[in-house]
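Student: I have a structure I would like to understand better, so I am pasting it below and will then ask my questions one at a time.
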Amino acid sequence: MPLGARGMLGALLLLRSSVPRAFGAEEEHFLTELAHRTALYLENARLYREAREAVRQRDEFLGIASHELKTPLTPLSLKVQLLQKQVVVLAREGKQVPTERVAEALDVVQRQVRRLSGLVDNLLDVSRITAGRLRLELEELDLASVAAEILYRFSAAAAQAGTELGLEAPVPVVGRWDRLRLEQVVTNLVSNALKYGAGQPVIVGVEAHGSLARLTVKDHGIGIAPDDLARIFERFERAVSDRHYGGLGLGLYITRQIVEAFGGKVSALSTPGQGATFILELPRGDIPEEWLSAHAAPGPTQGE
């Protein structure tokens with residue numbers, strides 16, 4: 001008997017072992033009803049399991065999100081309170097607050113505000129993606145220049161962490177992409193490499209393959225287990241404990257959604273303990289054929 005409920009689930013097989021005769025009409029009617037109710041039970045059990053998993057993921061995400069949003073608020077609040085007390089004390093003494101103290105406090109406030117802004121932007125991006133409202137404004141861009149600019153933005157943080165940043169981009173690689181979203185993708189990948197790279201060098205490569213542009217981000221850090229490679233691009237997923245590494249588990253998910261909106265793909269290769277390489281491939285759009293011919297990657301030489 002077929003097990004059908006919102007689609008075919010399988011079949012219910014019934015055998016008669018003691019009486020050598022066919023099933024009668026009344027028996028067939030009973031078995032049809034039995035198969036239908038069995039299918040409903042299985043479907044309801046599946047939906048219940050999915051609902052419980054969705055609730056678990058929601059609660060876990062809300063816990064992580066609240067923690068991540070509070071993390072920059074704590075130093076922000078403390079720094080503002082400290083500056084406020086200093087202003088009050090010095091005002092009573094008829095003195096002015098030293099400029100360097102104000103500059104230091106404002107620097108801390110600015111960093112934490114940027115971090116909060118990034119977290120909120122990620123949440124808004126997830127909302128736009130879910131609602132199908134991720135819009136792209138295409139223009140002609142050089143991927144190599146974008147990568148160089150992103151690495152420059154990370155240079156101070158990388159130097160502070162003792163991480164060497166490198167760029168391998170021998171020629172311009174031009175395509176039609178959305179600048180803001182392309183910068184967001186490269187930023188997410190470089191930020192991810194610095195976060196899990198254990199202070200080892202991070203190398204970004206840009207090259208052209210005919211109508212495709214390829215960007216790779218390679219680190220030499222903790223790496224990713226084989227079982228985690230597929231799921232790290234899913235929403236709220238992470239390959240490590242959130243106790244040791246912060247974040248909402250949204251960066252790579254947003255990256256994949258943006259890349260797919262460009263018509264491209266992103267993947268990862270890794271060996272645990274030996275770092276990870278993220279590979280981004282994007283179609284370059286309507287670029288003049290003569291430009292593609294002049295800047296195409298050289299083909300393999302003999303023996304390669």
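Chain identifiers are assigned as A, B, and so on, following the order in which chains appear in the structure tokens; residues are numbered from 1 within each chain, and ligands are numbered from 1 in order of appearance.
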Excluding same-chain residues fewer than 6 positions from range 145-148 of chain A, what lies within 12 Å of it counting only C-alpha atoms, as a compact mmCIF listing (two decimals) with N, CA and C atoms, in the first residue's frame?

Tutor:
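The resulting file, selection23.txt, is reproduced below:
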```
# COMPACT_ATOMS: atom_id res chain seq x y z
N PHE A 154 42.74 45.89 6.56
CA PHE A 154 43.05 44.93 7.62
C PHE A 154 44.51 45.00 8.07
N SER A 155 45.31 45.84 7.45
CA SER A 155 46.75 45.83 7.71
C SER A 155 47.08 46.14 9.17
N LEU A 165 50.13 39.63 5.78
CA LEU A 165 49.15 39.61 4.69
C LEU A 165 49.88 39.68 3.36
N GLY A 166 49.45 38.85 2.40
CA GLY A 166 50.07 38.86 1.08
C GLY A 166 49.02 38.86 -0.02
N LEU A 167 49.34 39.51 -1.14
CA LEU A 167 48.43 39.56 -2.28
C LEU A 167 49.17 39.09 -3.53
N GLU A 168 48.60 38.10 -4.21
CA GLU A 168 49.15 37.61 -5.47
C GLU A 168 48.14 37.91 -6.57
N ALA A 169 48.33 39.03 -7.25
CA ALA A 169 47.42 39.47 -8.30
C ALA A 169 48.23 40.11 -9.42
N PRO A 170 48.78 39.30 -10.33
CA PRO A 170 49.70 39.82 -11.36
C PRO A 170 49.06 40.76 -12.36
N VAL A 171 47.76 40.59 -12.64
CA VAL A 171 47.10 41.45 -13.64
C VAL A 171 45.73 41.85 -13.11
N PRO A 172 45.18 42.96 -13.64
CA PRO A 172 43.80 43.33 -13.27
C PRO A 172 42.81 42.26 -13.72
N VAL A 173 41.79 42.05 -12.93
CA VAL A 173 40.73 41.10 -13.29
C VAL A 173 39.41 41.86 -13.18
N VAL A 174 38.92 42.32 -14.33
CA VAL A 174 37.76 43.20 -14.36
C VAL A 174 36.49 42.39 -14.62
N GLY A 175 35.42 42.80 -13.94
CA GLY A 175 34.12 42.19 -14.15
C GLY A 175 33.03 43.16 -13.75
N TRP A 177 30.25 43.75 -11.17
CA TRP A 177 29.75 43.32 -9.86
C TRP A 177 29.26 44.53 -9.07
N ASP A 178 28.60 44.25 -7.96
CA ASP A 178 28.18 45.28 -7.02
C ASP A 178 29.35 45.55 -6.07
N ARG A 179 29.84 46.80 -6.04
CA ARG A 179 31.05 47.10 -5.25
C ARG A 179 30.84 46.81 -3.77
N LEU A 180 29.74 47.28 -3.20
CA LEU A 180 29.50 47.11 -1.77
C LEU A 180 29.46 45.63 -1.41
N ARG A 181 28.74 44.84 -2.22
CA ARG A 181 28.61 43.41 -1.91
C ARG A 181 29.91 42.65 -2.18
N LEU A 182 30.63 43.05 -3.21
CA LEU A 182 31.92 42.40 -3.49
C LEU A 182 32.90 42.67 -2.36
N GLU A 183 32.94 43.91 -1.88
CA GLU A 183 33.80 44.23 -0.74
C GLU A 183 33.37 43.44 0.49
N GLN A 184 32.07 43.27 0.66
CA GLN A 184 31.56 42.52 1.81
C GLN A 184 32.03 41.06 1.75
N VAL A 185 31.99 40.46 0.58
CA VAL A 185 32.42 39.08 0.42
C VAL A 185 33.90 38.92 0.73
N VAL A 186 34.74 39.77 0.13
CA VAL A 186 36.18 39.68 0.36
C VAL A 186 36.50 39.97 1.81
N THR A 187 35.83 40.94 2.41
CA THR A 187 36.03 41.26 3.82
C THR A 187 35.71 40.07 4.70
N ASN A 188 34.59 39.40 4.43
CA ASN A 188 34.21 38.23 5.23
C ASN A 188 35.26 37.13 5.15
N LEU A 189 35.78 36.88 3.94
CA LEU A 189 36.75 35.80 3.78
C LEU A 189 38.08 36.14 4.44
N VAL A 190 38.54 37.38 4.29
CA VAL A 190 39.80 37.78 4.91
C VAL A 190 39.66 37.81 6.43
N ILE A 203 47.30 34.61 2.63
CA ILE A 203 47.61 34.96 1.25
C ILE A 203 46.32 35.04 0.44
N VAL A 204 46.12 36.16 -0.24
CA VAL A 204 44.97 36.34 -1.12
C VAL A 204 45.47 36.33 -2.56
N GLY A 205 44.84 35.50 -3.40
CA GLY A 205 45.21 35.41 -4.81
C GLY A 205 44.05 35.79 -5.70
N VAL A 206 44.33 36.51 -6.79
CA VAL A 206 43.31 36.90 -7.76
C VAL A 206 43.83 36.56 -9.15
N GLU A 207 43.02 35.87 -9.94
CA GLU A 207 43.42 35.51 -11.30
C GLU A 207 42.20 35.39 -12.19
N ARG A 214 38.64 34.42 -10.34
CA ARG A 214 38.83 33.54 -9.17
C ARG A 214 39.62 34.27 -8.10
N LEU A 215 39.12 34.22 -6.88
CA LEU A 215 39.82 34.77 -5.73
C LEU A 215 39.98 33.67 -4.69
N THR A 216 41.20 33.51 -4.19
CA THR A 216 41.45 32.51 -3.14
C THR A 216 41.99 33.22 -1.90
N VAL A 217 41.56 32.74 -0.75
CA VAL A 217 42.06 33.25 0.54
C VAL A 217 42.58 32.05 1.31
```

Student: Any chance you could list, as a list in words, the residues in range 13-221 of chain A that come up strand (DSSP E or B) when DSSP is run on the backbone?

Tutor: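 Here are the strand (DSSP E or B) residues of range 13-221 of chain A: Leu138, Glu139, Glu140, Leu141, Asp142, Leu165, Gly166, Leu167, Glu168, Val174, Gly175, Arg176, Trp177, Asp178, Val202, Ile203, Val204, Gly205, Val206, Glu207, Ala208, His209, Leu212, Ala213, Arg214, Leu215, Thr216, Val217 and Lys218 of chain A.
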
Student: Please identify the alpha helix (DSSP H) residues within range 6-248 of chain A (assignment by DSSP from backbone atoms) and present them as number ranges by chain.

Tutor: A: 25-92, 99-131, 143-161, 179-196

Student: Please provide the set of residues having any atom within 12 Å of Ala198 in chain A, restricted to only C-alpha atoms, with same-chain residues fewer than 3 positions apart removed, written as a list in words.

Tutor: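 Listing them by chain and then by number gives Ala158, Ala161, Gly162, Thr163, Glu164, Asn192, Ala193, Leu194, Lys195, Pro201, Val202, Asp219, His220, Gly221, Ile222, Gly223, Tyr245, Gly273, Gln274, Gly275 and Ala276 of chain A.
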
Student: What lies within 9 Å of Met8 in chain A using only C-alpha atoms, ignoring chain neighbours under 5 positions off, as number ranges by chain?

Tutor: A: 2-3, 39

Student: I'd like the interatomic distance between CA of Glu281 in chain A and CA of Lys265 in chain A, to a tenth of an Å.

Tutor: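 Separation between CA of Glu281 in chain A and CA of Lys265 in chain A: 5.5 Å.
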
Student: Which of these residues is nearest to Ala213 in chain A, using only C-alpha atoms: A:Leu12, A:Ala144, A:Leu82, A:Ala225?

Tutor: A:Ala144

Student: If you measure from CA of Leu116 in chain A to CA of Ala103 in chain A, what distance in Å do you get, rounded to one decimal?

Tutor: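 Separation of CA of Leu116 in chain A and CA of Ala103 in chain A: 19.9 Å.
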
Student: At what distance in Å, to one decimal, does CA of Val87 in chain A lie from CA of Asp107 in chain A?

Tutor: 17.1 Å

Student: Would you mind listing what lies within 9 Å of range 77-81 of chain A as a ChimeraX atom specification, with only C-alpha atoms counted and same-chain residues fewer than 2 positions away left out?

Tutor: /A:72-75,83-86,105-106,108-109

Student: Take the residues just selected and output them with all heavy atoms as a compact mmCIF listing (two decimals), in the first residue's frame.

Tutor:
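Generated file (result-v9.txt):
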```
# COMPACT_ATOMS: atom_id res chain seq x y z
N PRO A 72 30.50 44.16 22.64
CA PRO A 72 31.05 45.51 22.41
C PRO A 72 30.40 46.57 23.28
O PRO A 72 30.97 47.64 23.48
CB PRO A 72 30.76 45.75 20.93
CG PRO A 72 29.61 44.86 20.61
CD PRO A 72 29.76 43.65 21.47
N LEU A 73 29.19 46.30 23.80
CA LEU A 73 28.52 47.30 24.62
C LEU A 73 29.22 47.49 25.97
O LEU A 73 29.23 48.59 26.51
CB LEU A 73 27.06 46.89 24.86
CG LEU A 73 26.09 47.15 23.71
CD1 LEU A 73 24.72 46.61 24.06
CD2 LEU A 73 25.99 48.64 23.42
N THR A 74 29.82 46.40 26.50
CA THR A 74 30.46 46.49 27.81
C THR A 74 31.63 47.46 27.83
O THR A 74 31.63 48.41 28.63
CB THR A 74 30.90 45.09 28.28
OG1 THR A 74 29.75 44.23 28.33
CG2 THR A 74 31.53 45.16 29.65
N PRO A 75 32.66 47.29 26.96
CA PRO A 75 33.75 48.28 26.97
C PRO A 75 33.28 49.67 26.55
O PRO A 75 33.82 50.68 27.01
CB PRO A 75 34.76 47.71 25.97
CG PRO A 75 33.98 46.79 25.11
CD PRO A 75 32.91 46.23 25.97
N LEU A 83 35.03 58.30 31.18
CA LEU A 83 35.26 59.64 30.66
C LEU A 83 34.33 60.65 31.32
O LEU A 83 34.74 61.78 31.64
CB LEU A 83 35.04 59.64 29.14
CG LEU A 83 35.31 60.97 28.42
CD1 LEU A 83 36.76 61.41 28.61
CD2 LEU A 83 34.98 60.84 26.93
N GLN A 84 33.09 60.23 31.55
CA GLN A 84 32.12 61.10 32.20
C GLN A 84 32.57 61.46 33.62
O GLN A 84 32.49 62.63 34.04
CB GLN A 84 30.75 60.43 32.24
CG GLN A 84 29.63 61.33 32.74
CD GLN A 84 28.29 60.62 32.70
OE1 GLN A 84 28.22 59.40 32.83
NE2 GLN A 84 27.22 61.37 32.51
N LYS A 85 33.08 60.49 34.38
CA LYS A 85 33.56 60.74 35.74
C LYS A 85 34.77 61.68 35.71
O LYS A 85 34.89 62.58 36.56
CB LYS A 85 33.93 59.42 36.41
CG LYS A 85 32.73 58.56 36.78
CD LYS A 85 33.18 57.26 37.44
CE LYS A 85 31.98 56.39 37.79
NZ LYS A 85 32.41 55.10 38.42
N GLN A 86 35.66 61.46 34.77
CA GLN A 86 36.83 62.32 34.66
C GLN A 86 36.44 63.76 34.35
O GLN A 86 37.02 64.72 34.91
CB GLN A 86 37.77 61.80 33.57
CG GLN A 86 38.46 60.49 33.94
CD GLN A 86 39.29 59.93 32.79
OE1 GLN A 86 39.13 60.33 31.65
NE2 GLN A 86 40.19 59.02 33.11
N ALA A 105 39.47 57.58 24.41
CA ALA A 105 38.11 57.11 24.69
C ALA A 105 37.28 57.04 23.41
O ALA A 105 36.55 56.08 23.17
CB ALA A 105 37.44 58.01 25.71
N LEU A 106 37.41 58.08 22.58
CA LEU A 106 36.64 58.10 21.34
C LEU A 106 37.08 57.00 20.39
O LEU A 106 36.27 56.46 19.63
CB LEU A 106 36.78 59.46 20.66
CG LEU A 106 36.10 60.63 21.38
CD1 LEU A 106 36.36 61.94 20.63
CD2 LEU A 106 34.60 60.38 21.50
N VAL A 108 38.16 53.98 21.29
CA VAL A 108 37.51 52.76 21.78
C VAL A 108 36.03 52.76 21.40
O VAL A 108 35.48 51.75 20.93
CB VAL A 108 37.67 52.64 23.31
CG1 VAL A 108 36.84 51.48 23.84
CG2 VAL A 108 39.12 52.47 23.68
N VAL A 109 35.37 53.90 21.60
CA VAL A 109 33.94 54.00 21.27
C VAL A 109 33.72 53.74 19.79
O VAL A 109 32.80 52.99 19.41
CB VAL A 109 33.42 55.41 21.65
CG1 VAL A 109 32.01 55.63 21.08
CG2 VAL A 109 33.39 55.57 23.17
```
